[in-house]
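Text of upload.txt (compact mmCIF, C-alpha atoms) as supplied:
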```
# COMPACT_ATOMS: atom_id res chain seq x y z
CA GLY A 1 -68.51 -57.93 4.15
CA GLU A 2 -65.79 -55.33 3.71
CA ASN A 3 -66.69 -51.89 2.40
CA VAL A 4 -63.95 -49.62 1.07
CA GLU A 5 -64.61 -45.93 0.47
CA GLN A 6 -62.17 -43.88 -1.61
CA HIS A 7 -61.94 -40.16 -2.27
CA PRO A 8 -61.59 -37.99 -4.13
CA SER A 9 -62.98 -39.55 -7.29
CA THR A 10 -60.97 -37.14 -9.44
CA LEU A 11 -57.84 -35.17 -8.61
CA SER A 12 -55.96 -32.70 -10.76
CA VAL A 13 -52.56 -31.33 -9.74
CA GLN A 14 -49.73 -29.36 -11.32
CA GLU A 15 -46.55 -31.22 -12.17
CA GLY A 16 -44.27 -31.18 -9.15
CA ASP A 17 -47.08 -30.86 -6.61
CA SER A 18 -48.11 -33.61 -4.21
CA ALA A 19 -51.23 -35.75 -4.50
CA VAL A 20 -53.06 -37.48 -1.66
CA ILE A 21 -55.76 -40.13 -2.01
CA LYS A 22 -57.64 -41.39 1.03
CA CYS A 23 -59.49 -44.61 1.76
CA THR A 24 -61.50 -45.96 4.66
CA TYR A 25 -62.47 -49.54 5.38
CA SER A 26 -65.08 -51.13 7.59
CA ASP A 27 -63.84 -54.61 8.52
CA SER A 28 -61.41 -54.72 11.43
CA ALA A 29 -60.25 -58.14 10.17
CA SER A 30 -58.62 -56.51 7.13
CA ASN A 31 -54.86 -56.55 7.46
CA TYR A 32 -53.42 -55.96 3.99
CA PHE A 33 -53.91 -52.76 2.01
CA PRO A 34 -52.58 -52.61 -1.56
CA TRP A 35 -52.71 -49.72 -3.99
CA TYR A 36 -53.07 -50.33 -7.71
CA LYS A 37 -52.43 -48.03 -10.65
CA GLN A 38 -54.41 -48.50 -13.84
CA GLU A 39 -53.30 -46.69 -16.96
CA LEU A 40 -55.75 -46.23 -19.78
CA GLY A 41 -56.61 -49.52 -21.46
CA LYS A 42 -54.32 -51.54 -19.23
CA ARG A 43 -54.72 -53.89 -16.28
CA PRO A 44 -54.36 -52.64 -12.70
CA GLN A 45 -50.84 -53.10 -11.34
CA LEU A 46 -49.64 -52.99 -7.77
CA ILE A 47 -47.57 -49.94 -6.92
CA ILE A 48 -47.27 -50.24 -3.15
CA ASP A 49 -48.86 -52.09 -0.26
CA ILE A 50 -48.91 -51.95 3.51
CA ARG A 51 -49.70 -54.50 6.17
CA SER A 52 -51.45 -53.77 9.41
CA ASN A 53 -48.37 -54.19 11.57
CA VAL A 54 -46.80 -50.99 10.20
CA GLY A 55 -48.01 -47.41 10.06
CA GLU A 56 -46.11 -46.09 7.07
CA LYS A 57 -44.19 -47.34 4.06
CA LYS A 58 -42.23 -45.41 1.43
CA ASP A 59 -40.94 -46.25 -2.01
CA GLN A 60 -39.22 -43.33 -3.71
CA ARG A 61 -41.94 -40.74 -4.45
CA ILE A 62 -44.77 -42.91 -3.15
CA ALA A 63 -45.78 -43.44 0.46
CA VAL A 64 -48.71 -45.06 2.21
CA THR A 65 -49.91 -44.44 5.74
CA LEU A 66 -52.27 -46.60 7.79
CA ASN A 67 -54.32 -45.71 10.84
CA LYS A 68 -55.81 -48.96 12.15
CA THR A 69 -57.73 -47.31 14.92
CA ALA A 70 -59.54 -45.00 12.55
CA LYS A 71 -59.63 -47.62 9.77
CA HIS A 72 -58.20 -45.34 7.13
CA PHE A 73 -55.17 -45.38 4.87
CA SER A 74 -53.75 -42.93 2.38
CA LEU A 75 -51.53 -42.80 -0.69
CA HIS A 76 -49.12 -39.90 -1.04
CA ILE A 77 -47.33 -39.10 -4.28
CA THR A 78 -44.71 -36.37 -4.14
CA GLU A 79 -43.12 -34.44 -7.02
CA THR A 80 -45.84 -35.64 -9.37
CA GLN A 81 -45.01 -36.19 -13.03
CA PRO A 82 -47.31 -36.43 -16.07
CA GLU A 83 -46.71 -40.19 -16.21
CA ASP A 84 -48.34 -40.47 -12.79
CA SER A 85 -51.65 -39.68 -14.51
CA ALA A 86 -53.84 -42.79 -14.15
CA VAL A 87 -56.65 -44.23 -12.07
CA TYR A 88 -55.57 -45.36 -8.61
CA PHE A 89 -57.44 -47.99 -6.60
CA CYS A 90 -57.07 -48.81 -2.94
CA ALA A 91 -58.07 -52.20 -1.57
CA ALA A 92 -58.45 -54.01 1.73
CA ARG A 93 -57.97 -57.71 2.27
CA ASN A 94 -59.33 -59.86 5.08
CA ILE A 95 -56.82 -61.79 7.19
CA ASN A 96 -59.24 -64.65 7.76
CA ASN A 97 -60.37 -65.52 4.27
CA ASN A 98 -58.23 -63.53 1.80
CA ASP A 99 -61.27 -61.70 0.46
CA MET A 100 -60.24 -58.43 -1.26
CA ARG A 101 -62.44 -55.42 -2.01
CA PHE A 102 -61.56 -52.26 -3.89
CA GLY A 103 -62.40 -48.61 -3.58
CA ALA A 104 -64.14 -46.87 -6.46
CA GLY A 105 -60.92 -45.37 -7.80
CA THR A 106 -59.38 -41.92 -8.15
CA ARG A 107 -58.60 -40.47 -11.55
CA LEU A 108 -55.39 -38.47 -11.11
CA THR A 109 -54.39 -35.96 -13.75
CA VAL A 110 -50.97 -34.30 -13.55
CA LYS A 111 -50.79 -31.17 -15.69
CA PRO A 112 -47.40 -30.37 -17.22
CA GLY B 1 -47.74 -69.27 -17.68
CA ALA B 2 -45.93 -66.22 -16.42
CA GLY B 3 -49.04 -64.24 -15.59
CA VAL B 4 -52.81 -64.35 -15.33
CA SER B 5 -54.32 -65.08 -18.72
CA GLN B 6 -57.88 -64.31 -19.75
CA SER B 7 -59.73 -65.33 -22.86
CA PRO B 8 -61.17 -64.12 -25.06
CA SER B 9 -59.71 -60.62 -24.91
CA ASN B 10 -62.77 -59.26 -26.69
CA LYS B 11 -66.25 -60.69 -27.05
CA VAL B 12 -69.19 -59.27 -28.94
CA THR B 13 -72.45 -61.10 -28.39
CA GLU B 14 -76.10 -60.59 -29.17
CA LYS B 15 -78.52 -59.77 -26.42
CA GLY B 16 -80.00 -62.94 -24.97
CA LYS B 17 -77.04 -65.19 -25.78
CA ASP B 18 -74.90 -66.92 -23.15
CA VAL B 19 -71.18 -66.19 -22.84
CA GLU B 20 -68.29 -67.89 -21.07
CA LEU B 21 -65.21 -66.00 -19.95
CA ARG B 22 -62.08 -67.89 -18.97
CA CYS B 23 -59.34 -67.11 -16.48
CA ASP B 24 -56.05 -69.01 -16.15
CA PRO B 25 -54.46 -67.92 -12.87
CA ILE B 26 -50.78 -68.01 -12.03
CA SER B 27 -49.83 -71.59 -11.22
CA GLY B 28 -50.08 -72.31 -7.52
CA HIS B 29 -52.16 -69.27 -6.65
CA THR B 30 -54.88 -70.32 -4.26
CA ALA B 31 -57.02 -67.18 -4.44
CA LEU B 32 -58.90 -66.15 -7.59
CA TYR B 33 -61.08 -63.06 -7.94
CA TRP B 34 -63.47 -61.81 -10.61
CA TYR B 35 -64.26 -58.10 -10.93
CA ARG B 36 -66.31 -56.10 -13.40
CA GLN B 37 -65.26 -52.68 -14.63
CA SER B 38 -67.74 -50.59 -16.57
CA LEU B 39 -66.39 -47.79 -18.75
CA GLY B 40 -64.58 -45.28 -16.57
CA GLN B 41 -65.81 -46.91 -13.39
CA GLY B 42 -64.31 -48.80 -10.46
CA LEU B 43 -63.67 -52.47 -9.79
CA GLU B 44 -66.96 -54.12 -8.87
CA PHE B 45 -66.45 -57.33 -6.92
CA LEU B 46 -68.24 -60.34 -8.40
CA ILE B 47 -66.95 -63.58 -6.89
CA TYR B 48 -63.95 -64.92 -5.02
CA PHE B 49 -62.46 -68.43 -4.74
CA GLN B 50 -60.01 -69.45 -2.02
CA GLY B 51 -58.58 -72.95 -2.22
CA ASN B 52 -61.21 -75.60 -1.57
CA SER B 53 -63.47 -73.29 0.42
CA ALA B 54 -66.94 -72.40 -0.78
CA PRO B 55 -66.70 -69.34 -3.06
CA ASP B 56 -67.93 -65.93 -1.95
CA LYS B 57 -70.66 -65.21 -4.50
CA SER B 58 -72.02 -62.15 -2.76
CA GLY B 59 -71.06 -59.78 -5.59
CA LEU B 60 -72.82 -61.56 -8.43
CA PRO B 61 -75.43 -59.06 -9.69
CA SER B 62 -78.11 -61.58 -10.67
CA ASP B 63 -78.78 -65.28 -11.06
CA ARG B 64 -77.76 -64.98 -14.71
CA PHE B 65 -74.17 -64.85 -13.48
CA SER B 66 -72.31 -67.93 -12.26
CA ALA B 67 -68.70 -69.00 -11.93
CA GLU B 68 -66.78 -72.13 -11.23
CA ARG B 69 -63.19 -73.01 -10.60
CA THR B 70 -62.15 -76.49 -11.61
CA GLY B 71 -59.34 -78.31 -9.85
CA GLY B 72 -58.37 -75.17 -8.00
CA SER B 73 -56.98 -73.66 -11.18
CA VAL B 74 -58.89 -72.42 -14.24
CA SER B 75 -62.06 -70.44 -13.63
CA THR B 76 -65.00 -69.77 -15.94
CA LEU B 77 -67.45 -66.92 -15.51
CA THR B 78 -70.74 -67.59 -17.29
CA ILE B 79 -73.35 -64.98 -18.09
CA GLN B 80 -76.67 -66.32 -19.31
CA ARG B 81 -79.18 -64.40 -21.40
CA THR B 82 -76.85 -61.42 -21.69
CA GLN B 83 -78.24 -57.90 -21.43
CA GLN B 84 -76.79 -54.63 -22.69
CA GLU B 85 -75.98 -53.57 -19.14
CA ASP B 86 -73.61 -56.54 -18.89
CA SER B 87 -71.25 -54.77 -21.29
CA ALA B 88 -68.03 -54.12 -19.40
CA VAL B 89 -64.47 -55.31 -18.93
CA TYR B 90 -64.32 -58.44 -16.79
CA LEU B 91 -61.07 -58.71 -14.86
CA CYS B 92 -59.67 -61.75 -13.14
CA ALA B 93 -56.92 -61.67 -10.51
CA SER B 94 -55.06 -64.34 -8.56
CA SER B 95 -52.79 -64.40 -5.55
CA LEU B 96 -51.11 -66.54 -2.97
CA THR B 97 -52.42 -66.17 0.55
CA ARG B 98 -51.44 -62.81 2.03
CA SER B 99 -49.52 -61.57 -1.00
CA GLU B 100 -49.90 -59.35 -4.06
CA ALA B 101 -52.79 -60.02 -6.42
CA PHE B 102 -51.99 -60.03 -10.13
CA PHE B 103 -54.56 -59.08 -12.73
CA GLY B 104 -55.20 -60.51 -16.15
CA GLN B 105 -55.64 -58.23 -19.13
CA GLY B 106 -59.40 -58.54 -18.96
CA THR B 107 -62.17 -59.56 -21.33
CA ARG B 108 -64.05 -56.70 -22.95
CA LEU B 109 -67.64 -57.84 -23.34
CA THR B 110 -69.98 -55.96 -25.65
CA VAL B 111 -73.63 -56.95 -25.80
CA VAL B 112 -75.40 -55.64 -28.90
```
Starting from the coordinates I provided, produce the structure as structure tokens.
Amino acid sequence: GENVEQHPSTLSVQEGDSAVIKCTYSDSASNYFPWYKQELGKRPQLIIDIRSNVGEKKDQRIAVTLNKTAKHFSLHITETQPEDSAVYFCAARNINNNDMRFGAGTRLTVKP
Amino acid sequence: GAGVSQSPSNKVTEKGKDVELRCDPISGHTALYWYRQSLGQGLEFLIYFQGNSAPDKSGLPSDRFSAERTGGSVSTLTIQRTQQEDSAVYLCASSLTRSEAFFGQGTRLTVV
């Protein structure tokens, strides 16, 4: 089955700096790559996703890049703010059966 | 309902007892996932249902864990003879094929 690796496990940045979280996946049949943000005590919520037919997608301060050949994808947050502090999870979903597996998560702390 | 609903929200049980956790997915969603999240940890895949296909049970940690999905809608995760290491938040998510997955608020299970 699919195996998703995520790093770093923790990331601390100064407010205004950029943050980058990287993930790799193993199954070439994966074609959908969502990113979820989980604030303390709350459920994970989708913040951005990318499909395998594109290499990059942006939404305001958030961007995702995908390298299908290398089987890795990344989340980029620019101009970080304290409210960006949360745990971020990447995931990969299989085109054939809709199976979805998550990375282990990255705890991002943005220091004011 | 408007979102994924899980019940109960909190469950405290004695070691050795059986528990049932319920998930009501968004109406019409064909895919349903169960994940386990231990304190401060990632999303551990447990089981996945897709339509009428046989579920992917590869993530269930032991034969004390089982799940069913009746009529392609409500799902129940059952843990028999609970152990202290089963204490965690159990999250359910549902999605349409090839679209965003939505999470429930989770069931916090405490085995004492």
Would you tabulate, counting only C-alpha atoms, all residues of chain A that have an atom at most 7 Å from an atom of chain B, showing the closest pair of atoms and their distance in Å to one decimal, sorted by chain then ascending number, as a Markdown table?
```
| residue | atom | partner | partner_atom | distance |
| --- | --- | --- | --- | --- |
| A:Lys42 | CA | B:Gln105 | CA | 6.8 |
| A:Arg43 | CA | B:Gln105 | CA | 5.3 |
| A:Pro44 | CA | B:Phe103 | CA | 6.4 |
| A:Asn98 | CA | B:Thr97 | CA | 6.5 |
| A:Asp99 | CA | B:Tyr48 | CA | 6.9 |
| A:Arg101 | CA | B:Phe45 | CA | 6.6 |
| A:Phe102 | CA | B:Leu43 | CA | 6.3 |
| A:Ala104 | CA | B:Gly42 | CA | 4.4 |
| A:Gly105 | CA | B:Gly42 | CA | 5.5 |
```
Atoms to include: C-alpha atoms. Write the selected residues as an mmCIF file, in the coordinates of the input.
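Final output, saved to part_17.cif:
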```cif
data_model
loop_
_atom_site.group_PDB
_atom_site.id
_atom_site.type_symbol
_atom_site.label_atom_id
_atom_site.label_comp_id
_atom_site.auth_asym_id
_atom_site.auth_seq_id
_atom_site.Cartn_x
_atom_site.Cartn_y
_atom_site.Cartn_z
ATOM 1 C CA LYS A 42 -54.320 -51.540 -19.230
ATOM 2 C CA ARG A 43 -54.720 -53.890 -16.280
ATOM 3 C CA PRO A 44 -54.360 -52.640 -12.700
ATOM 4 C CA ASN A 98 -58.230 -63.530 1.800
ATOM 5 C CA ASP A 99 -61.270 -61.700 0.460
ATOM 6 C CA ARG A 101 -62.440 -55.420 -2.010
ATOM 7 C CA PHE A 102 -61.560 -52.260 -3.890
ATOM 8 C CA ALA A 104 -64.140 -46.870 -6.460
ATOM 9 C CA GLY A 105 -60.920 -45.370 -7.800
#
```
Would you mind reading off the distance between atom CA of B:Val4 and atom CA of B:Asp24, one decimal, in Å?
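Between atom CA of B:Val4 and atom CA of B:Asp24 the gap works out to 5.7 Å.
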Quick one: residues within 8 Å of B:Glu68, all atoms listed in the file counted, chain neighbours fewer than 3 positions away excluded, as a PyMOL selection string?
chain B and resi 75-77
